[in-house]
$ cat run31.pdb   # PDB, C-alpha atoms
ATOM      1  CA  MET A  23       0.995 -52.801  18.752  1.00  0.00           C
ATOM      2  CA  ALA A  24      -0.479 -49.544  17.467  1.00  0.00           C
ATOM      3  CA  ALA A  25      -4.100 -48.403  17.679  1.00  0.00           C
ATOM      4  CA  GLY A  26      -5.075 -51.874  18.906  1.00  0.00           C
ATOM      5  CA  ARG A  27      -3.482 -53.668  15.922  1.00  0.00           C
ATOM      6  CA  VAL A  28      -0.590 -56.082  16.231  1.00  0.00           C
ATOM      7  CA  TYR A  29       2.222 -55.776  13.689  1.00  0.00           C
ATOM      8  CA  GLY A  30       5.169 -58.076  13.177  1.00  0.00           C
ATOM      9  CA  PRO A  31       7.058 -59.984  14.256  1.00  0.00           C
ATOM     10  CA  PHE A  32      10.051 -57.861  13.276  1.00  0.00           C
ATOM     11  CA  SER A  33      13.747 -58.438  13.897  1.00  0.00           C
ATOM     12  CA  THR A  34      15.553 -56.321  16.480  1.00  0.00           C
ATOM     13  CA  GLU A  35      17.495 -54.615  13.688  1.00  0.00           C
ATOM     14  CA  ARG A  36      14.296 -53.709  11.853  1.00  0.00           C
ATOM     15  CA  MET A  37      12.701 -52.383  15.053  1.00  0.00           C
ATOM     16  CA  ARG A  38      15.802 -50.242  15.696  1.00  0.00           C
ATOM     17  CA  GLY A  39      15.379 -48.935  12.144  1.00  0.00           C
ATOM     18  CA  PHE A  40      11.760 -48.038  12.923  1.00  0.00           C
ATOM     19  CA  VAL A  41      13.010 -45.868  15.803  1.00  0.00           C
ATOM     20  CA  ALA A  42      15.416 -44.062  13.471  1.00  0.00           C
ATOM     21  CA  GLU A  43      12.546 -43.473  11.014  1.00  0.00           C
ATOM     22  CA  GLY A  44      10.277 -42.124  13.763  1.00  0.00           C
ATOM     23  CA  ARG A  45       7.878 -45.066  13.396  1.00  0.00           C
ATOM     24  CA  LEU A  46       8.520 -46.488  16.870  1.00  0.00           C
ATOM     25  CA  ALA A  47       8.237 -44.196  19.887  1.00  0.00           C
ATOM     26  CA  ALA A  48       9.438 -44.702  23.451  1.00  0.00           C
ATOM     27  CA  ASN A  49       5.863 -45.358  24.593  1.00  0.00           C
ATOM     28  CA  SER A  50       4.994 -47.714  21.705  1.00  0.00           C
ATOM     29  CA  LEU A  51       3.958 -51.138  22.959  1.00  0.00           C
ATOM     30  CA  VAL A  52       6.210 -54.052  21.976  1.00  0.00           C
ATOM     31  CA  ALA A  53       6.407 -57.747  22.849  1.00  0.00           C
ATOM     32  CA  ARG A  54       9.029 -60.372  22.203  1.00  0.00           C
ATOM     33  CA  GLU A  55       8.071 -62.942  19.563  1.00  0.00           C
ATOM     34  CA  GLY A  56       5.809 -65.575  21.101  1.00  0.00           C
ATOM     35  CA  SER A  57       5.094 -63.466  24.190  1.00  0.00           C
ATOM     36  CA  SER A  58       1.733 -61.968  25.093  1.00  0.00           C
ATOM     37  CA  GLU A  59       3.259 -59.480  27.551  1.00  0.00           C
ATOM     38  CA  TRP A  60       3.336 -55.973  26.047  1.00  0.00           C
ATOM     39  CA  GLN A  61       5.585 -53.239  27.390  1.00  0.00           C
ATOM     40  CA  GLU A  62       6.714 -49.783  26.335  1.00  0.00           C
ATOM     41  CA  ALA A  63       9.626 -49.874  23.889  1.00  0.00           C
ATOM     42  CA  VAL A  64      11.764 -47.763  26.229  1.00  0.00           C
ATOM     43  CA  THR A  65      11.610 -50.560  28.831  1.00  0.00           C
ATOM     44  CA  GLU A  66      12.747 -53.238  26.359  1.00  0.00           C
ATOM     45  CA  SER A  67      16.490 -53.743  26.834  1.00  0.00           C
ATOM     46  CA  ALA A  68      17.092 -54.119  23.080  1.00  0.00           C
ATOM     47  CA  PHE A  69      15.748 -50.595  22.435  1.00  0.00           C
ATOM     48  CA  ALA A  70      16.274 -48.695  25.714  1.00  0.00           C
ATOM     49  CA  ASP A  71      19.530 -47.134  24.475  1.00  0.00           C
ATOM     50  CA  LEU A  72      17.630 -45.500  21.598  1.00  0.00           C
ATOM     51  CA  PHE A  73      15.373 -43.461  23.848  1.00  0.00           C
ATOM     52  CA  CYS A  74      16.566 -40.726  26.167  1.00  0.00           C
ATOM     53  CA  SER A  75      14.496 -39.797  29.137  1.00  0.00           C
ATOM     54  CA  PRO A  76      12.750 -37.563  29.752  1.00  0.00           C
ATOM     55  CA  HIS A  77      14.386 -34.821  27.636  1.00  0.00           C
ATOM     56  CA  ARG A  78      16.675 -35.306  24.672  1.00  0.00           C
ATOM     57  CA  ALA A  79      19.682 -33.011  24.647  1.00  0.00           C
ATOM     58  CA  THR A  80      18.607 -31.424  21.360  1.00  0.00           C
ATOM     59  CA  ASP A  81      15.211 -30.565  22.849  1.00  0.00           C
ATOM     60  CA  ALA A  82      16.405 -29.441  26.278  1.00  0.00           C
ATOM     61  CA  VAL A  83      14.779 -26.281  27.564  1.00  0.00           C
ATOM     62  CA  GLU A  84      14.637 -24.623  30.942  1.00  0.00           C
ATOM     63  CA  PRO A  85      11.814 -25.894  33.177  1.00  0.00           C
ATOM     64  CA  GLU A  86       9.165 -23.546  34.477  1.00  0.00           C
ATOM     65  CA  THR A  87       9.936 -22.434  38.044  1.00  0.00           C
ATOM     66  CA  THR A  88       8.051 -20.816  40.880  1.00  0.00           C
ATOM     67  CA  ALA A  89       9.244 -17.224  41.312  1.00  0.00           C
ATOM     68  CA  ALA A  90       9.015 -17.311  45.104  1.00  0.00           C
ATOM     69  CA  THR A  91      10.909 -20.561  45.714  1.00  0.00           C
ATOM     70  CA  GLY A  92      12.742 -21.301  42.472  1.00  0.00           C
ATOM     71  CA  ASP A  93      11.330 -24.848  42.582  1.00  0.00           C
ATOM     72  CA  THR A  94      10.520 -26.708  39.385  1.00  0.00           C
ATOM     73  CA  GLN A  95       6.804 -27.455  39.028  1.00  0.00           C
ATOM     74  CA  ARG A  96       5.530 -30.540  37.255  1.00  0.00           C
ATOM     75  CA  GLY A  97       2.314 -29.868  35.366  1.00  0.00           C
ATOM     76  CA  HIS A  98      -0.391 -32.202  34.130  1.00  0.00           C
ATOM     77  CA  PHE A  99      -1.302 -31.706  30.485  1.00  0.00           C
ATOM     78  CA  ALA A 100      -3.889 -32.877  27.990  1.00  0.00           C
ATOM     79  CA  VAL A 101      -2.729 -32.897  24.381  1.00  0.00           C
ATOM     80  CA  VAL A 102      -5.402 -33.091  21.676  1.00  0.00           C
ATOM     81  CA  VAL A 103      -4.294 -33.520  18.071  1.00  0.00           C
ATOM     82  CA  ASP A 104      -6.169 -33.729  14.790  1.00  0.00           C
ATOM     83  CA  MET A 105      -3.624 -35.286  12.415  1.00  0.00           C
ATOM     84  CA  LYS A 106      -4.501 -35.471   8.763  1.00  0.00           C
ATOM     85  CA  SER A 107      -1.167 -35.231   6.997  1.00  0.00           C
ATOM     86  CA  ARG A 108       1.468 -37.395   8.739  1.00  0.00           C
ATOM     87  CA  SER A 109       2.103 -40.500  10.772  1.00  0.00           C
ATOM     88  CA  ALA A 110       1.694 -40.019  14.515  1.00  0.00           C
ATOM     89  CA  ALA A 111       4.956 -41.834  15.390  1.00  0.00           C
ATOM     90  CA  GLY A 112       7.048 -38.647  15.497  1.00  0.00           C
ATOM     91  CA  LEU A 113       4.388 -36.897  17.556  1.00  0.00           C
ATOM     92  CA  GLU A 114       4.169 -39.827  19.981  1.00  0.00           C
ATOM     93  CA  GLY A 115       7.930 -39.760  20.427  1.00  0.00           C
ATOM     94  CA  ALA A 116       7.912 -36.010  21.051  1.00  0.00           C
ATOM     95  CA  ILE A 117       5.143 -36.371  23.648  1.00  0.00           C
ATOM     96  CA  ALA A 118       6.948 -39.255  25.373  1.00  0.00           C
ATOM     97  CA  ALA A 119      10.144 -37.175  25.550  1.00  0.00           C
ATOM     98  CA  PHE A 120       8.405 -34.723  27.904  1.00  0.00           C
ATOM     99  CA  GLY A 121       7.899 -37.319  30.637  1.00  0.00           C
ATOM    100  CA  PRO A 122       5.347 -39.857  31.815  1.00  0.00           C
ATOM    101  CA  CYS A 123       2.447 -40.010  29.378  1.00  0.00           C
ATOM    102  CA  TYR A 124      -0.521 -42.110  28.358  1.00  0.00           C
ATOM    103  CA  GLN A 125      -2.476 -42.185  25.110  1.00  0.00           C
ATOM    104  CA  LEU A 126      -6.029 -41.888  26.401  1.00  0.00           C
ATOM    105  CA  LEU A 127      -7.720 -42.001  22.975  1.00  0.00           C
ATOM    106  CA  PRO A 128      -6.312 -42.137  19.427  1.00  0.00           C
ATOM    107  CA  ASN A 129      -5.907 -38.354  19.361  1.00  0.00           C
ATOM    108  CA  ILE A 130      -5.635 -37.484  23.074  1.00  0.00           C
ATOM    109  CA  TRP A 131      -2.665 -37.894  25.399  1.00  0.00           C
ATOM    110  CA  ILE A 132      -2.110 -36.990  29.010  1.00  0.00           C
ATOM    111  CA  VAL A 133       1.436 -36.098  30.027  1.00  0.00           C
ATOM    112  CA  SER A 134       3.251 -34.916  33.130  1.00  0.00           C
ATOM    113  CA  THR A 135       6.113 -32.495  32.523  1.00  0.00           C
ATOM    114  CA  ASP A 136       7.938 -29.555  34.016  1.00  0.00           C
ATOM    115  CA  GLN A 137       7.731 -27.608  30.744  1.00  0.00           C
ATOM    116  CA  SER A 138       5.400 -24.698  30.008  1.00  0.00           C
ATOM    117  CA  VAL A 139       2.323 -25.062  27.827  1.00  0.00           C
ATOM    118  CA  THR A 140       3.987 -22.912  25.154  1.00  0.00           C
ATOM    119  CA  THR A 141       7.128 -25.056  25.165  1.00  0.00           C
ATOM    120  CA  VAL A 142       5.036 -28.211  24.772  1.00  0.00           C
ATOM    121  CA  ARG A 143       3.060 -26.680  21.900  1.00  0.00           C
ATOM    122  CA  ASN A 144       6.150 -25.354  20.136  1.00  0.00           C
ATOM    123  CA  ARG A 145       7.879 -28.736  20.287  1.00  0.00           C
ATOM    124  CA  LEU A 146       4.844 -30.701  19.122  1.00  0.00           C
ATOM    125  CA  ILE A 147       4.003 -28.474  16.153  1.00  0.00           C
ATOM    126  CA  GLN A 148       7.348 -29.509  14.677  1.00  0.00           C
ATOM    127  CA  GLU A 149       5.757 -32.939  14.142  1.00  0.00           C
ATOM    128  CA  LEU A 150       2.600 -31.582  12.476  1.00  0.00           C
ATOM    129  CA  GLY A 151       1.746 -30.726   8.898  1.00  0.00           C
ATOM    130  CA  ASN A 152      -0.209 -27.802   7.460  1.00  0.00           C
ATOM    131  CA  ALA A 153      -3.566 -29.577   7.757  1.00  0.00           C
ATOM    132  CA  ASP A 154      -3.059 -30.717  11.368  1.00  0.00           C
ATOM    133  CA  SER A 155      -4.244 -28.926  14.503  1.00  0.00           C
ATOM    134  CA  LEU A 156      -3.182 -29.090  18.132  1.00  0.00           C
ATOM    135  CA  PHE A 157      -4.669 -28.022  21.462  1.00  0.00           C
ATOM    136  CA  VAL A 158      -2.565 -28.298  24.642  1.00  0.00           C
ATOM    137  CA  ILE A 159      -4.072 -27.763  28.089  1.00  0.00           C
ATOM    138  CA  ASP A 160      -1.976 -27.307  31.226  1.00  0.00           C
ATOM    139  CA  ALA A 161      -4.532 -28.483  33.779  1.00  0.00           C
ATOM    140  CA  SER A 162      -2.234 -27.695  36.717  1.00  0.00           C
ATOM    141  CA  ARG A 163      -1.809 -24.034  35.826  1.00  0.00           C
ATOM    142  CA  GLY A 164      -5.071 -23.313  33.983  1.00  0.00           C
ATOM    143  CA  LYS A 165      -3.347 -22.450  30.700  1.00  0.00           C
ATOM    144  CA  ALA A 166      -3.848 -23.496  27.099  1.00  0.00           C
ATOM    145  CA  SER A 167      -2.026 -23.128  23.821  1.00  0.00           C
ATOM    146  CA  TRP A 168      -3.128 -24.161  20.336  1.00  0.00           C
ATOM    147  CA  PHE A 169      -2.074 -24.346  16.722  1.00  0.00           C
ATOM    148  CA  ASN A 170      -3.720 -24.155  13.311  1.00  0.00           C
ATOM    149  CA  PHE A 171      -7.382 -23.525  14.091  1.00  0.00           C
ATOM    150  CA  GLY A 172      -7.684 -20.363  12.013  1.00  0.00           C
ATOM    151  CA  PRO A 173      -8.284 -16.719  12.963  1.00  0.00           C
ATOM    152  CA  GLU A 174     -11.998 -16.997  13.774  1.00  0.00           C
ATOM    153  CA  ALA A 175     -11.522 -20.017  16.031  1.00  0.00           C
ATOM    154  CA  ASP A 176      -8.498 -18.329  17.606  1.00  0.00           C
ATOM    155  CA  VAL A 177     -10.627 -15.361  18.707  1.00  0.00           C
ATOM    156  CA  ARG A 178     -13.407 -17.620  19.997  1.00  0.00           C
ATOM    157  CA  ILE A 179     -11.005 -19.844  21.926  1.00  0.00           C
ATOM    158  CA  ARG A 180      -9.366 -16.796  23.531  1.00  0.00           C
ATOM    159  CA  ASN A 181     -12.787 -15.400  24.520  1.00  0.00           C
ATOM    160  CA  VAL A 182     -13.932 -18.670  26.084  1.00  0.00           C
ATOM    161  CA  TRP A 183     -10.612 -19.325  27.802  1.00  0.00           C
ATOM    162  CA  GLN A 184     -10.436 -15.809  29.264  1.00  0.00           C
ATOM    163  CA  LYS A 185     -14.024 -16.003  30.537  1.00  0.00           C
ATOM    164  CA  ALA A 186     -13.287 -19.331  32.217  1.00  0.00           C
ATOM    165  CA  SER A 187     -10.090 -18.086  33.891  1.00  0.00           C
TER     166      SER A 187
END
$ encode --input "run31.pdb" --output "structure tokens"
Amino acid sequence: MAAGRVYGPFSTERMRGFVAEGRLAANSLVAREGSSEWQEAVTESAFADLFCSPHRATDAVEPETTAATGDTQRGHFAVVVDMKSRSAAGLEGAIAAFGPCYQLLPNIWIVSTDQSVTTVRNRLIQELGNADSLFVIDASRGKASWFNFGPEADVRIRNVWQKAS
């Protein structure tokens, strides 16, 4: 199921191919043929080996830590994307790789991760095209990072964000 539409049924082999193509993400909803119970693909035993959690080795980065204690802090993020040029499957997979997440609206996700706002932005822009834009908010730390809004919007965002801080 994607964006409220049901696709399939597809064979297990075809679904595994969709993962390889970036068309099926860890948090994509799937159901066995004839079943009405939907679950995230990562929880389906036939696909679980295809998804690493929460960080893939190729994307591993150091978590943000508290200077005083050295403890890792988990932050709560909002990710807002305006995608015009690509399928969202790669983006959904990249978001899911950060940790627990939920697609709130078609272009808004909430995610919990121990990464910094800049790390999240830098990873997600790899899934975007030239016409796409991204705004990431770290609600736990009061930080934001964005991509592809243009120089005028960049100045305005910085002014508003600094005044609010």
$ resolve_selection --input "run31.pdb" --expression "the PyMOL selection byres ((chain A and resi 153) around 10)" --output "VMD selection string"
chain A and resid 104 to 108 150 to 152 154 to 155 170 to 171
$ residues_around --input "run31.pdb" --residues "Val101 (chain A)" --least-positions-apart "4" --cutoff "12 Å" --atoms "all atoms listed in the file" --output "ChimeraX atom specification"
/A:113-114,116-118,120,123-134,139,142-143,146-147,155-161,166-169
$ atom_distance --input "run31.pdb" --atom1 "CA of Val103 (chain A)" --atom2 "CA of Val182 (chain A)"
19.4 Å
$ closest_residue --input "run31.pdb" --among "A:Gly112, A:Glu174, A:Glu35, A:Val28" --to "Gln148 (chain A)" --atoms "all atoms listed in the file"
A:Gly112
$ closest_residue --input "run31.pdb" --among "A:Ala111, A:Ala100, A:Ala175, A:Ala68" --to "Asn49 (chain A)" --atoms "all atoms listed in the file"
A:Ala111
$ atom_distance --input "run31.pdb" --atom1 "CA of Gly121 (chain A)" --atom2 "CA of Thr135 (chain A)"
5.5 Å
$ atom_distance --input "run31.pdb" --atom1 "CA of Glu149 (chain A)" --atom2 "CA of Gln184 (chain A)"
28.0 Å
